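Have a look at coords-v1.txt below; it lists compact mmCIF, C-alpha atoms (C1' of nucleotides).
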# COMPACT_ATOMS: atom_id res chain seq x y z
CA MET G 663 -15.15 2.11 -31.32
CA VAL G 664 -15.91 5.71 -32.10
CA ASP G 665 -13.58 7.82 -34.17
CA ALA G 666 -12.60 10.71 -31.95
CA LYS G 667 -11.86 12.92 -34.91
CA SER G 668 -15.25 12.66 -36.60
CA GLY G 669 -17.35 15.48 -35.20
CA ASP G 670 -16.71 19.12 -34.49
CA ASP G 671 -16.61 19.23 -30.74
CA SER G 672 -15.88 15.53 -30.44
CA LEU G 673 -12.50 16.16 -28.90
CA LEU G 674 -14.01 17.96 -25.96
CA PHE G 675 -13.85 14.75 -23.99
CA LEU G 676 -10.06 15.05 -24.10
CA THR G 677 -9.77 18.38 -22.30
CA ASP G 678 -7.45 18.53 -19.33
CA GLU G 679 -10.42 19.18 -17.11
CA ASN G 680 -12.12 16.02 -18.28
CA LEU G 681 -8.94 14.03 -17.85
CA ARG G 682 -8.59 15.34 -14.33
CA ARG G 683 -12.15 14.34 -13.60
CA GLY G 684 -11.33 10.87 -14.81
CA ILE G 685 -8.28 10.74 -12.58
CA GLU G 686 -10.29 11.70 -9.53
CA ALA G 687 -13.03 9.28 -10.48
CA MET G 688 -10.45 6.50 -10.48
CA PHE G 689 -9.19 7.60 -7.09
CA PHE G 690 -12.56 7.74 -5.40
CA ALA G 691 -13.97 4.69 -7.12
CA TYR G 692 -10.98 2.58 -6.16
CA ARG G 693 -11.59 3.50 -2.56
CA GLY G 694 -15.13 2.24 -2.82
CA PHE G 695 -13.98 -0.78 -4.72
CA THR G 696 -11.68 -1.95 -1.93
CA SER G 697 -13.67 -0.81 1.06
CA ASP G 698 -16.01 -3.77 1.49
CA PRO G 699 -13.34 -6.49 1.39
CA ASP G 700 -11.11 -4.32 3.58
CA ARG G 701 -13.84 -4.19 6.19
CA ILE G 702 -14.11 -7.96 6.20
CA LEU G 703 -10.36 -8.49 6.33
CA GLN G 704 -9.65 -6.13 9.18
CA GLY G 705 -9.55 -7.97 12.44
CA LEU G 706 -8.89 -11.29 10.71
CA ASN G 707 -5.13 -10.71 10.65
CA TYR G 708 -5.37 -10.28 6.91
CA GLY G 709 -5.01 -7.38 4.56
CA ARG G 710 -5.45 -6.46 0.95
CA ALA G 711 -2.44 -8.51 -0.04
CA HIS G 712 -4.09 -11.67 1.25
CA HIS G 713 -7.22 -10.82 -0.64
CA ARG G 714 -5.31 -10.48 -3.89
CA ALA G 715 -3.52 -13.79 -3.40
CA VAL G 716 -6.73 -15.59 -2.55
CA HIS G 717 -8.51 -14.01 -5.49
CA PHE G 718 -5.99 -15.09 -8.08
CA ILE G 719 -5.56 -18.56 -6.63
CA HIS G 720 -9.29 -18.97 -6.86
CA ARG G 721 -9.27 -17.64 -10.38
CA ALA G 722 -6.54 -20.04 -11.54
CA PRO G 723 -6.35 -23.01 -9.18
CA GLY G 724 -3.00 -24.75 -9.43
CA THR G 725 -1.17 -21.60 -10.39
CA THR G 726 2.46 -21.53 -9.33
CA VAL G 727 4.18 -19.10 -7.02
CA GLY G 728 6.11 -17.64 -9.94
CA ASN G 729 2.94 -17.11 -11.86
CA LEU G 730 1.42 -15.29 -8.94
CA LEU G 731 4.52 -13.14 -8.61
CA ASP G 732 4.09 -12.02 -12.21
CA ILE G 733 0.42 -11.27 -11.78
CA LEU G 734 0.72 -9.42 -8.50
CA GLY G 735 3.89 -7.60 -9.38
CA VAL G 736 5.48 -7.85 -5.94
CA THR G 737 8.67 -9.46 -4.71
CA LYS G 738 8.74 -13.09 -3.70
CA GLN G 739 9.62 -12.11 -0.15
CA SER G 740 6.49 -10.03 0.06
CA LEU G 741 4.30 -12.71 -1.46
CA ASN G 742 5.92 -15.37 0.66
CA ARG G 743 5.02 -13.65 3.87
CA VAL G 744 1.41 -13.58 2.75
CA LEU G 745 1.38 -17.16 1.52
CA ARG G 746 3.00 -18.42 4.71
CA SER G 747 0.21 -17.05 6.85
CA LEU G 748 -2.36 -18.47 4.45
CA PHE G 749 -0.68 -21.89 4.70
CA GLU G 750 -0.49 -21.71 8.48
CA ASP G 751 -4.13 -20.85 8.76
CA GLY G 752 -5.10 -23.62 6.36
CA LEU G 753 -6.62 -21.40 3.69
CA VAL G 754 -4.24 -22.33 0.90
CA GLU G 755 -2.32 -25.48 0.19
CA ALA G 756 0.71 -26.00 -2.02
CA ARG G 757 1.27 -29.18 -3.97
CA VAL G 758 4.62 -30.05 -5.43
CA GLY G 759 4.59 -30.02 -9.20
CA ARG G 760 4.39 -33.38 -10.90
CA LYS G 761 6.37 -32.46 -13.94
CA ASP G 762 8.65 -29.93 -12.31
CA ARG G 763 8.96 -30.64 -8.65
CA ARG G 764 10.49 -27.28 -7.80
CA GLU G 765 7.20 -25.63 -8.51
CA ARG G 766 4.44 -25.29 -5.96
CA HIS G 767 0.92 -25.35 -7.26
CA LEU G 768 -1.45 -23.38 -5.12
CA TYR G 769 -5.00 -24.33 -4.23
CA LEU G 770 -7.62 -22.95 -1.91
CA THR G 771 -8.80 -25.26 0.83
CA GLN G 772 -12.47 -25.34 1.76
CA LYS G 773 -11.76 -22.74 4.37
CA GLY G 774 -9.88 -20.62 1.84
CA ALA G 775 -12.68 -20.94 -0.66
CA ALA G 776 -15.10 -19.80 2.00
CA LEU G 777 -13.09 -16.65 2.66
CA GLU G 778 -12.76 -16.02 -1.04
CA ARG G 779 -16.49 -16.30 -1.44
CA SER G 780 -17.20 -13.92 1.38
CA LEU G 781 -14.76 -11.35 0.01
CA SER G 782 -15.86 -11.63 -3.56
CA ASP G 783 -19.53 -11.65 -2.66
CA ALA G 784 -19.05 -8.27 -1.06
CA GLN G 785 -17.03 -6.91 -3.92
CA ARG G 786 -19.34 -8.26 -6.57
CA ALA G 787 -22.36 -6.86 -4.81
CA ARG G 788 -20.94 -3.38 -5.19
CA MET G 789 -19.93 -4.07 -8.77
CA ARG G 790 -23.33 -5.46 -9.60
CA SER G 791 -25.13 -2.51 -8.19
CA ALA G 792 -22.86 -0.12 -10.07
CA TYR G 793 -23.27 -2.09 -13.29
CA ARG G 794 -27.01 -2.25 -12.91
CA ALA G 795 -27.26 1.46 -12.27
CA ALA G 796 -25.05 2.29 -15.23
CA GLY G 797 -26.41 -0.16 -17.77
CA PRO G 798 -24.70 -2.44 -20.29
CA VAL G 799 -23.50 0.25 -22.66
CA ALA G 800 -21.75 2.15 -19.89
CA VAL G 801 -20.27 -1.09 -18.60
CA ALA G 802 -18.79 -1.87 -21.99
CA GLY G 803 -17.23 1.58 -22.07
CA PHE G 804 -15.96 1.16 -18.55
CA ARG G 805 -14.13 -2.01 -19.47
CA THR G 806 -12.79 -0.55 -22.70
CA VAL G 807 -11.25 2.43 -20.97
CA LEU G 808 -9.80 0.38 -18.14
CA GLU G 809 -8.21 -1.98 -20.59
CA ALA G 810 -6.69 0.90 -22.50
CA MET G 811 -5.28 2.23 -19.27
CA MET G 812 -3.28 -0.90 -18.43
CA ASP G 813 0.36 -1.45 -19.24
CA ASP G 814 0.83 -3.92 -22.06
CA GLU G 815 2.12 -6.53 -19.65
CA GLN G 816 -0.84 -6.08 -17.35
CA ARG G 817 -3.28 -6.21 -20.23
CA ARG G 818 -1.72 -9.45 -21.37
CA GLN G 819 -2.28 -10.94 -17.96
CA TYR G 820 -5.78 -9.56 -17.73
CA GLN G 821 -6.72 -11.16 -20.99
CA ALA G 822 -4.92 -14.44 -20.45
CA GLN G 823 -7.04 -15.89 -17.71
CA TYR G 824 -7.36 -19.49 -16.73
CA GLN G 825 -3.82 -20.53 -17.21
CA GLY G 826 -1.25 -22.23 -15.02
CA ALA G 827 -4.16 -24.34 -13.85
CA LYS G 828 -2.77 -27.74 -14.72
CA ASP G 829 -0.45 -30.22 -13.04
CA GLY G 830 -0.02 -30.46 -9.28
CA ALA G 831 0.16 -33.70 -7.32
CA PRO G 832 -2.91 -35.21 -5.64
CA MET H 433 -29.21 5.52 -18.74
CA VAL H 434 -30.25 2.16 -20.12
CA ASP H 435 -32.92 0.08 -18.43
CA ALA H 436 -31.23 -3.19 -17.58
CA LYS H 437 -34.53 -5.04 -17.55
CA SER H 438 -35.64 -4.18 -21.06
CA GLY H 439 -34.26 -6.85 -23.36
CA ASP H 440 -34.10 -10.59 -23.16
CA ASP H 441 -30.43 -11.29 -22.64
CA SER H 442 -29.82 -7.78 -21.36
CA LEU H 443 -28.88 -9.06 -17.93
CA LEU H 444 -25.97 -11.07 -19.25
CA PHE H 445 -23.67 -8.21 -18.37
CA LEU H 446 -24.44 -8.91 -14.72
CA THR H 447 -23.12 -12.47 -14.62
CA ASP H 448 -20.63 -13.30 -11.91
CA GLU H 449 -18.04 -13.90 -14.57
CA ASN H 450 -18.52 -10.42 -15.98
CA LEU H 451 -18.40 -8.91 -12.53
CA ARG H 452 -15.16 -10.72 -11.83
CA ARG H 453 -13.74 -9.41 -15.06
CA GLY H 454 -14.66 -5.93 -13.99
CA ILE H 455 -12.97 -6.47 -10.64
CA GLU H 456 -9.75 -7.59 -12.26
CA ALA H 457 -9.94 -4.77 -14.76
CA MET H 458 -10.05 -2.34 -11.85
CA PHE H 459 -7.08 -4.03 -10.25
CA PHE H 460 -4.86 -4.00 -13.31
CA ALA H 461 -5.97 -0.60 -14.53
CA TYR H 462 -5.29 0.99 -11.18
CA ARG H 463 -1.76 -0.33 -11.34
CA GLY H 464 -1.27 1.35 -14.68
CA PHE H 465 -2.99 4.45 -13.42
CA THR H 466 -0.52 4.96 -10.59
CA SER H 467 2.62 3.66 -12.23
CA ASP H 468 3.79 6.79 -14.07
CA PRO H 469 3.54 9.17 -11.10
CA ASP H 470 5.04 6.48 -8.87
CA ARG H 471 8.05 6.31 -11.14
CA ILE H 472 8.54 10.06 -10.90
CA LEU H 473 8.08 10.12 -7.15
CA GLN H 474 10.47 7.33 -6.34
CA GLY H 475 13.88 8.67 -5.49
CA LEU H 476 12.46 12.09 -4.63
CA ASN H 477 11.69 11.05 -1.05
CA TYR H 478 8.03 11.20 -1.93
CA GLY H 479 5.31 8.63 -2.37
CA ARG H 480 1.75 8.27 -3.48
CA ALA H 481 0.53 10.06 -0.37
CA HIS H 482 2.43 13.20 -1.35
CA HIS H 483 1.00 12.98 -4.82
CA ARG H 484 -2.54 12.87 -3.50
CA ALA H 485 -1.99 15.84 -1.22
CA VAL H 486 -0.40 17.89 -3.98
CA HIS H 487 -3.15 16.94 -6.40
CA PHE H 488 -5.98 18.07 -4.18
CA ILE H 489 -4.23 21.23 -3.05
CA HIS H 490 -3.77 22.09 -6.70
CA ARG H 491 -7.40 21.27 -7.40
CA ALA H 492 -8.69 23.45 -4.59
CA PRO H 493 -6.07 26.04 -3.63
CA GLY H 494 -6.67 27.40 -0.16
CA THR H 495 -8.31 24.24 1.06
CA THR H 496 -7.92 23.62 4.76
CA VAL H 497 -6.22 20.74 6.51
CA GLY H 498 -9.55 19.46 7.74
CA ASN H 499 -10.96 19.57 4.25
CA LEU H 500 -8.06 17.54 2.98
CA LEU H 501 -8.51 15.02 5.76
CA ASP H 502 -12.09 14.47 4.64
CA ILE H 503 -11.13 14.11 1.01
CA LEU H 504 -8.19 11.79 1.53
CA GLY H 505 -9.82 9.74 4.26
CA VAL H 506 -6.69 9.36 6.36
CA THR H 507 -5.83 10.38 9.89
CA LYS H 508 -4.40 13.77 10.65
CA GLN H 509 -1.20 12.14 11.89
CA SER H 510 -0.75 10.48 8.55
CA LEU H 511 -1.53 13.60 6.57
CA ASN H 512 0.61 15.70 8.85
CA ARG H 513 3.68 13.63 8.19
CA VAL H 514 3.17 14.22 4.50
CA LEU H 515 2.41 17.92 4.81
CA ARG H 516 5.39 18.49 7.04
CA SER H 517 7.80 17.21 4.44
CA LEU H 518 6.04 19.25 1.76
CA PHE H 519 6.39 22.38 3.92
CA GLU H 520 10.04 21.66 4.68
CA ASP H 521 10.83 21.21 1.03
CA GLY H 522 8.98 24.36 0.10
CA LEU H 523 6.36 22.73 -2.11
CA VAL H 524 3.34 23.76 -0.09
CA GLU H 525 2.69 26.72 2.13
CA ALA H 526 0.07 27.21 4.81
CA ARG H 527 -1.59 30.53 5.49
CA VAL H 528 -3.54 31.23 8.62
CA GLY H 529 -7.22 31.72 7.97
CA ARG H 530 -8.51 35.26 7.94
CA LYS H 531 -11.96 34.55 9.23
CA ASP H 532 -11.06 31.58 11.41
CA ARG H 533 -7.46 31.76 12.43
CA ARG H 534 -7.32 28.19 13.62
CA GLU H 535 -7.54 27.03 10.06
CA ARG H 536 -4.54 26.62 7.78
CA HIS H 537 -5.17 27.26 4.13
CA LEU H 538 -2.90 25.30 1.86
CA TYR H 539 -1.32 26.52 -1.36
CA LEU H 540 1.25 25.12 -3.73
CA THR H 541 4.40 27.17 -4.15
CA GLN H 542 5.93 27.55 -7.59
CA LYS H 543 8.07 24.54 -6.86
CA GLY H 544 5.03 22.58 -5.70
CA ALA H 545 3.10 23.58 -8.78
CA ALA H 546 6.00 22.37 -10.90
CA LEU H 547 5.93 18.94 -9.27
CA GLU H 548 2.17 18.79 -9.58
CA ARG H 549 2.46 19.57 -13.26
CA SER H 550 5.05 16.93 -13.86
CA LEU H 551 3.00 14.29 -12.03
CA SER H 552 -0.28 15.19 -13.62
CA ASP H 553 1.25 15.51 -17.07
CA ALA H 554 2.33 11.91 -16.83
CA GLN H 555 -0.97 10.73 -15.46
CA ARG H 556 -3.02 12.70 -17.94
CA ALA H 557 -0.94 11.44 -20.82
CA ARG H 558 -1.98 7.90 -19.97
CA MET H 559 -5.57 8.95 -19.42
CA ARG H 560 -5.65 10.84 -22.68
CA SER H 561 -4.29 7.94 -24.64
CA ALA H 562 -6.78 5.58 -23.04
CA TYR H 563 -9.64 8.01 -23.65
CA ARG H 564 -8.64 8.55 -27.24
CA ALA H 565 -8.38 4.83 -27.90
CA ALA H 566 -11.75 4.16 -26.29
CA GLY H 567 -13.73 7.07 -27.69
CA PRO H 568 -16.22 9.46 -26.09
CA VAL H 569 -19.05 6.99 -25.65
CA ALA H 570 -16.85 4.56 -23.77
CA VAL H 571 -15.46 7.39 -21.68
CA ALA H 572 -18.94 8.46 -20.65
CA GLY H 573 -19.68 4.89 -19.61
CA PHE H 574 -16.41 4.67 -17.76
CA ARG H 575 -17.25 7.71 -15.67
CA THR H 576 -20.81 6.55 -15.06
CA VAL H 577 -19.73 3.19 -13.70
CA LEU H 578 -16.95 4.66 -11.55
CA GLU H 579 -19.36 7.14 -10.08
CA ALA H 580 -21.81 4.40 -9.26
CA MET H 581 -19.04 2.48 -7.56
CA MET H 582 -18.21 5.21 -5.05
CA ASP H 583 -19.55 5.46 -1.55
CA ASP H 584 -22.12 8.21 -1.18
CA GLU H 585 -19.68 10.30 0.80
CA GLN H 586 -16.96 9.89 -1.80
CA ARG H 587 -19.35 10.69 -4.62
CA ARG H 588 -20.36 13.85 -2.84
CA GLN H 589 -16.74 14.92 -2.65
CA TYR H 590 -16.09 13.92 -6.22
CA GLN H 591 -18.94 16.07 -7.45
CA ALA H 592 -18.32 19.00 -5.15
CA GLN H 593 -15.11 20.31 -6.61
CA TYR H 594 -13.71 23.78 -6.30
CA GLN H 595 -14.64 24.46 -2.77
CA GLY H 596 -12.77 25.52 0.32
CA ALA H 597 -10.89 27.78 -2.05
CA LYS H 598 -11.58 31.06 -0.36
CA ASP H 599 -10.04 33.01 2.54
CA GLY H 600 -6.43 32.63 3.58
CA ALA H 601 -4.18 35.51 4.56
CA PRO H 602 -1.77 37.12 2.09
C1' DC M 81 27.56 -36.88 -15.19
C1' DT M 82 28.45 -32.51 -13.92
C1' DT M 83 27.27 -27.97 -13.82
C1' DG M 84 24.65 -23.79 -14.57
C1' DG M 85 20.67 -21.68 -13.78
C1' DA M 86 15.71 -21.61 -12.60
C1' DA M 87 12.02 -21.95 -8.99
C1' DT M 88 11.35 -21.59 -4.49
C1' DG M 89 11.95 -20.61 0.54
C1' DT M 90 13.83 -17.97 4.26
C1' DC M 91 16.36 -14.64 7.23
C1' DA M 92 17.41 -9.86 8.28
C1' DA M 93 16.83 -5.10 7.81
C1' DC M 94 14.52 -1.19 6.25
C1' DA M 95 10.88 2.32 4.46
C1' DA M 96 6.36 4.15 3.35
C1' DG M 97 2.22 5.03 4.92
C1' DG M 98 -1.60 3.52 7.22
C1' DC M 99 -3.40 3.25 12.32
C1' DT M 100 -4.40 4.44 17.66
C1' DG M 101 -3.78 6.98 21.86
C1' DA M 102 -2.37 10.81 24.39
C1' DC M 103 -1.40 15.44 24.94
C1' DA M 104 -0.73 20.57 23.67
C1' DT M 105 -2.18 25.00 21.86
C1' DA M 106 -4.80 28.58 19.95
C1' DA M 107 -8.96 30.35 18.73
C1' DA M 108 -13.82 30.25 18.19
C1' DT M 109 -18.24 29.41 20.38
C1' DT M 110 -21.42 29.02 23.96
C1' DA Y 323 -15.33 30.99 32.01
C1' DA Y 324 -15.91 26.69 30.03
C1' DT Y 325 -16.18 23.96 26.08
C1' DT Y 326 -15.44 22.70 21.50
C1' DT Y 327 -12.89 22.91 17.19
C1' DA Y 328 -8.76 22.89 14.18
C1' DT Y 329 -4.45 21.74 14.17
C1' DG Y 330 0.14 19.88 15.48
C1' DT Y 331 3.09 16.43 17.59
C1' DC Y 332 5.13 12.45 20.07
C1' DA Y 333 5.35 7.52 20.55
C1' DG Y 334 4.40 3.13 19.03
C1' DC Y 335 2.22 -0.42 16.20
C1' DC Y 336 0.81 -2.92 11.72
C1' DT Y 337 0.80 -4.18 6.82
C1' DT Y 338 3.02 -4.44 2.83
C1' DG Y 339 6.27 -3.14 -0.01
C1' DT Y 340 11.61 -3.09 -0.79
C1' DT Y 341 16.97 -5.13 -1.06
C1' DG Y 342 20.48 -8.33 -0.16
C1' DA Y 343 22.22 -12.72 0.99
C1' DC Y 344 22.00 -17.52 1.12
C1' DA Y 345 20.13 -22.52 0.86
C1' DT Y 346 17.67 -26.13 -1.50
C1' DT Y 347 15.91 -28.66 -5.14
C1' DC Y 348 15.98 -30.07 -9.57
C1' DC Y 349 15.64 -29.40 -14.79
C1' DA Y 350 18.38 -29.06 -18.72
C1' DA Y 351 22.43 -28.43 -21.40
C1' DG Y 352 27.09 -29.35 -22.13
Do you think you could lay out the structure here as structure tokens?
Amino acid sequence: MVDAKSGDDSLLFLTDENLRRGIEAMFFAYRGFTSDPDRILQGLNYGRAHHRAVHFIHRAPGTTVGNLLDILGVTKQSLNRVLRSLFEDGLVEARVGRKDRRERHLYLTQKGAALERSLSDAQRARMRSAYRAAGPVAVAGFRTVLEAMMDDEQRRQYQAQYQGAKDGAP
Amino acid sequence: MVDAKSGDDSLLFLTDENLRRGIEAMFFAYRGFTSDPDRILQGLNYGRAHHRAVHFIHRAPGTTVGNLLDILGVTKQSLNRVLRSLFEDGLVEARVGRKDRRERHLYLTQKGAALERSLSDAQRARMRSAYRAAGPVAVAGFRTVLEAMMDDEQRRQYQAQYQGAKDGAP
DNA sequence: CTTGGAATGTCAACAAGGCTGACATAAATT
DNA sequence: AATTTATGTCAGCCTTGTTGACATTCCAAG
């Protein structure tokens, strides 16, 4: 971590112009970031919302619906519509909780895992190429800034991975 | 620019796990990135689409509708719905092109500039705090990676700022 | 054991903001 | 004169978000 107050012109990176550049960079980069998965999803009856659900179920198999609601930050009605279509198409399955049988633990089926792989392959390919072009130092900075940009709640969830992955009936 | 092939373990930053972390960082950070303006916009009859239009009109005053279509990557019907409400509410005004009178050159009114300022103040405040916390080196890396993540077309537009800012009748 | 509240599902209705297709107009270009 | 370009507009559709209301199941506390 560099002390921003050390040098003479070291605060130049905080000019409004630079901040605006950063804002636009986020805008354009996010478009690129989502474009490959979006291309795959279109025509499959799925959208970005399905991608997000599938991603986080893959990331934390056995996560509950409530957990997913927290992570995704949408209403249960919205999530439910997405999950329903994923159930119907056999991409995700819900198992009643062993300990608490109100909870549904979510898992990808083989078919779901295949879609997840195809989506994340595309997205990681772009990430990998960007990372490779930028180099490890830039990548570290990239992650540092993104983390500092999150709300506290979001940062908490970003850092606390691999949880809600227990329980769930066979 | 660091050569990723130089060291021994220098490719560790390209593991799938690291790429996935980067993907989630983008997801969560983008939520934070948009949340402050979204809060301001909600209740004003406006949404993110209005914000984007206002932002880029402020960035390049006198830009044409076609220009904006390219930048935003939406259909003219979509953009037109947004512009219409901005015209009606007196936030944006369109002047017929001097040289080519088919073109409409877009400008923020005082009122529009005020909204733009309020939105961008909020967004820059978050950016500034993230930048300050991360330091100039991290910020440079942040921008490098984002740039590498854009599509060529988007990168071209990101780099070519301040254009389409001429002409327009008084 | 009863009851309150939590976790989940579902129905209905609505809005924002994407999209396509079709058509209109004015002005520039050929 | 014919075509192309820049723009606007109408109609309709989709995804994904929202609220509100209500039912079910079941844990936990009184």
I need the contact residues of chain G against chain M, so if you could list those with any atom within 9 Å, counting all atoms listed in the file, and return them as a list in words, that would help.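 Residues of chain G within 9 Å of chain M, counting all atoms listed in the file: Val727, Gly728, Lys738, Gln739, Asn742, Arg764, Glu765 and Arg766 of chain G.
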#### Entry: Residue contacts of Gly505 of chain H (12 Å, all atoms listed in the file) excluding same-chain residues fewer than 6 positions away, as a ChimeraX atom specification
/G:689-690,693-694,697 /H:481,484-485,497-499,511,585-586,589 /M:98
(Q) Using all atoms listed in the file, which protein or nucleic acid residues come within 10 Å of Gly479 of chain H? Drop anything in the same chain fewer than 5 positions from it, and give the result as a list in words. (A) Pro469, Asp470, Arg471, Ile472, Leu473, Gln474, Arg484 and Val514 of chain H; DA96 and DG97 of chain M
Next item on the list: Quote the spacing between atom C1' of DC348 of chain Y and atom CA of Leu748 of chain G in Å to one decimal place.
Entry: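 Interatomic distance here is 25.8 Å.
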| said: Using only C-alpha atoms for the distances, tell me which of G:Ile685, G:Ala775, G:Leu768, G:Ala784 is nearest to Thr725 of chain G. | reply: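 Closest to Thr725 of chain G of all the choices is G:Leu768.
What chain Y places within 10 Å of chain H, counting only C-alpha atoms (C1' of nucleotides), is Y:DT327, Y:DA328, Y:DT329, Y:DG330, Y:DT331.
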| Could you write out as a PyMOL selection string the residues of chain G within 8 Å of chain H, counting all atoms listed in the file? | chain G and resi 663-666+672+675-676+678+681-682+684-688+690-695+785-786+788-813+816-817+820
Atom C1' of DG334 of chain Y to atom CA of Arg746 of chain G measures 25.9 Å
Here atom CA of Leu770 of chain G and atom CA of Leu753 of chain G stand apart by 5.9 Å
Taking (4.8, 25.5, 0.7) in the file's coordinates as the center, which residues reach within 8 Å of it, counting all atoms listed in the file, put as a ChimeraX atom specification?
/H:518-526,538-541,544
Since the input lacks some atoms of segment 550-563 of chain H, please model N, CA and C atoms and print them as a PDB file, keeping the file's coordinate frame.
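Generated output (result-v4.pdb):
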ATOM      1  N   SER H 550       4.315  18.065 -13.315  1.00  0.00           N
ATOM      2  CA  SER H 550       5.050  16.930 -13.860  1.00  0.00           C
ATOM      3  C   SER H 550       4.309  15.616 -13.580  1.00  0.00           C
ATOM      4  N   LEU H 551       3.754  15.503 -12.368  1.00  0.00           N
ATOM      5  CA  LEU H 551       3.000  14.290 -12.030  1.00  0.00           C
ATOM      6  C   LEU H 551       1.739  14.186 -12.867  1.00  0.00           C
ATOM      7  N   SER H 552       1.023  15.287 -12.954  1.00  0.00           N
ATOM      8  CA  SER H 552      -0.280  15.190 -13.620  1.00  0.00           C
ATOM      9  C   SER H 552      -0.108  15.132 -15.132  1.00  0.00           C
ATOM     10  N   ASP H 553       0.981  15.688 -15.648  1.00  0.00           N
ATOM     11  CA  ASP H 553       1.250  15.510 -17.070  1.00  0.00           C
ATOM     12  C   ASP H 553       1.357  14.024 -17.404  1.00  0.00           C
ATOM     13  N   ALA H 554       2.126  13.337 -16.571  1.00  0.00           N
ATOM     14  CA  ALA H 554       2.330  11.910 -16.830  1.00  0.00           C
ATOM     15  C   ALA H 554       1.012  11.151 -16.715  1.00  0.00           C
ATOM     16  N   GLN H 555       0.271  11.471 -15.681  1.00  0.00           N
ATOM     17  CA  GLN H 555      -0.970  10.730 -15.460  1.00  0.00           C
ATOM     18  C   GLN H 555      -2.013  11.069 -16.529  1.00  0.00           C
ATOM     19  N   ARG H 556      -2.051  12.329 -16.917  1.00  0.00           N
ATOM     20  CA  ARG H 556      -3.020  12.700 -17.940  1.00  0.00           C
ATOM     21  C   ARG H 556      -2.638  12.146 -19.307  1.00  0.00           C
ATOM     22  N   ALA H 557      -1.361  12.006 -19.532  1.00  0.00           N
ATOM     23  CA  ALA H 557      -0.940  11.440 -20.820  1.00  0.00           C
ATOM     24  C   ALA H 557      -1.513  10.030 -20.973  1.00  0.00           C
ATOM     25  N   ARG H 558      -1.432   9.255 -19.903  1.00  0.00           N
ATOM     26  CA  ARG H 558      -1.980   7.900 -19.970  1.00  0.00           C
ATOM     27  C   ARG H 558      -3.494   7.933 -20.130  1.00  0.00           C
ATOM     28  N   MET H 559      -4.127   8.799 -19.351  1.00  0.00           N
ATOM     29  CA  MET H 559      -5.570   8.950 -19.420  1.00  0.00           C
ATOM     30  C   MET H 559      -5.988   9.346 -20.837  1.00  0.00           C
ATOM     31  N   ARG H 560      -5.286  10.309 -21.380  1.00  0.00           N
ATOM     32  CA  ARG H 560      -5.650  10.840 -22.680  1.00  0.00           C
ATOM     33  C   ARG H 560      -5.542   9.736 -23.737  1.00  0.00           C
ATOM     34  N   SER H 561      -4.471   8.986 -23.643  1.00  0.00           N
ATOM     35  CA  SER H 561      -4.290   7.940 -24.640  1.00  0.00           C
ATOM     36  C   SER H 561      -5.361   6.852 -24.490  1.00  0.00           C
ATOM     37  N   ALA H 562      -5.716   6.562 -23.264  1.00  0.00           N
ATOM     38  CA  ALA H 562      -6.780   5.580 -23.040  1.00  0.00           C
ATOM     39  C   ALA H 562      -8.124   6.117 -23.543  1.00  0.00           C
ATOM     40  N   TYR H 563      -8.390   7.380 -23.224  1.00  0.00           N
ATOM     41  CA  TYR H 563      -9.640   8.010 -23.650  1.00  0.00           C
ATOM     42  C   TYR H 563      -9.725   8.020 -25.175  1.00  0.00           C
TER      43      TYR H 563
END
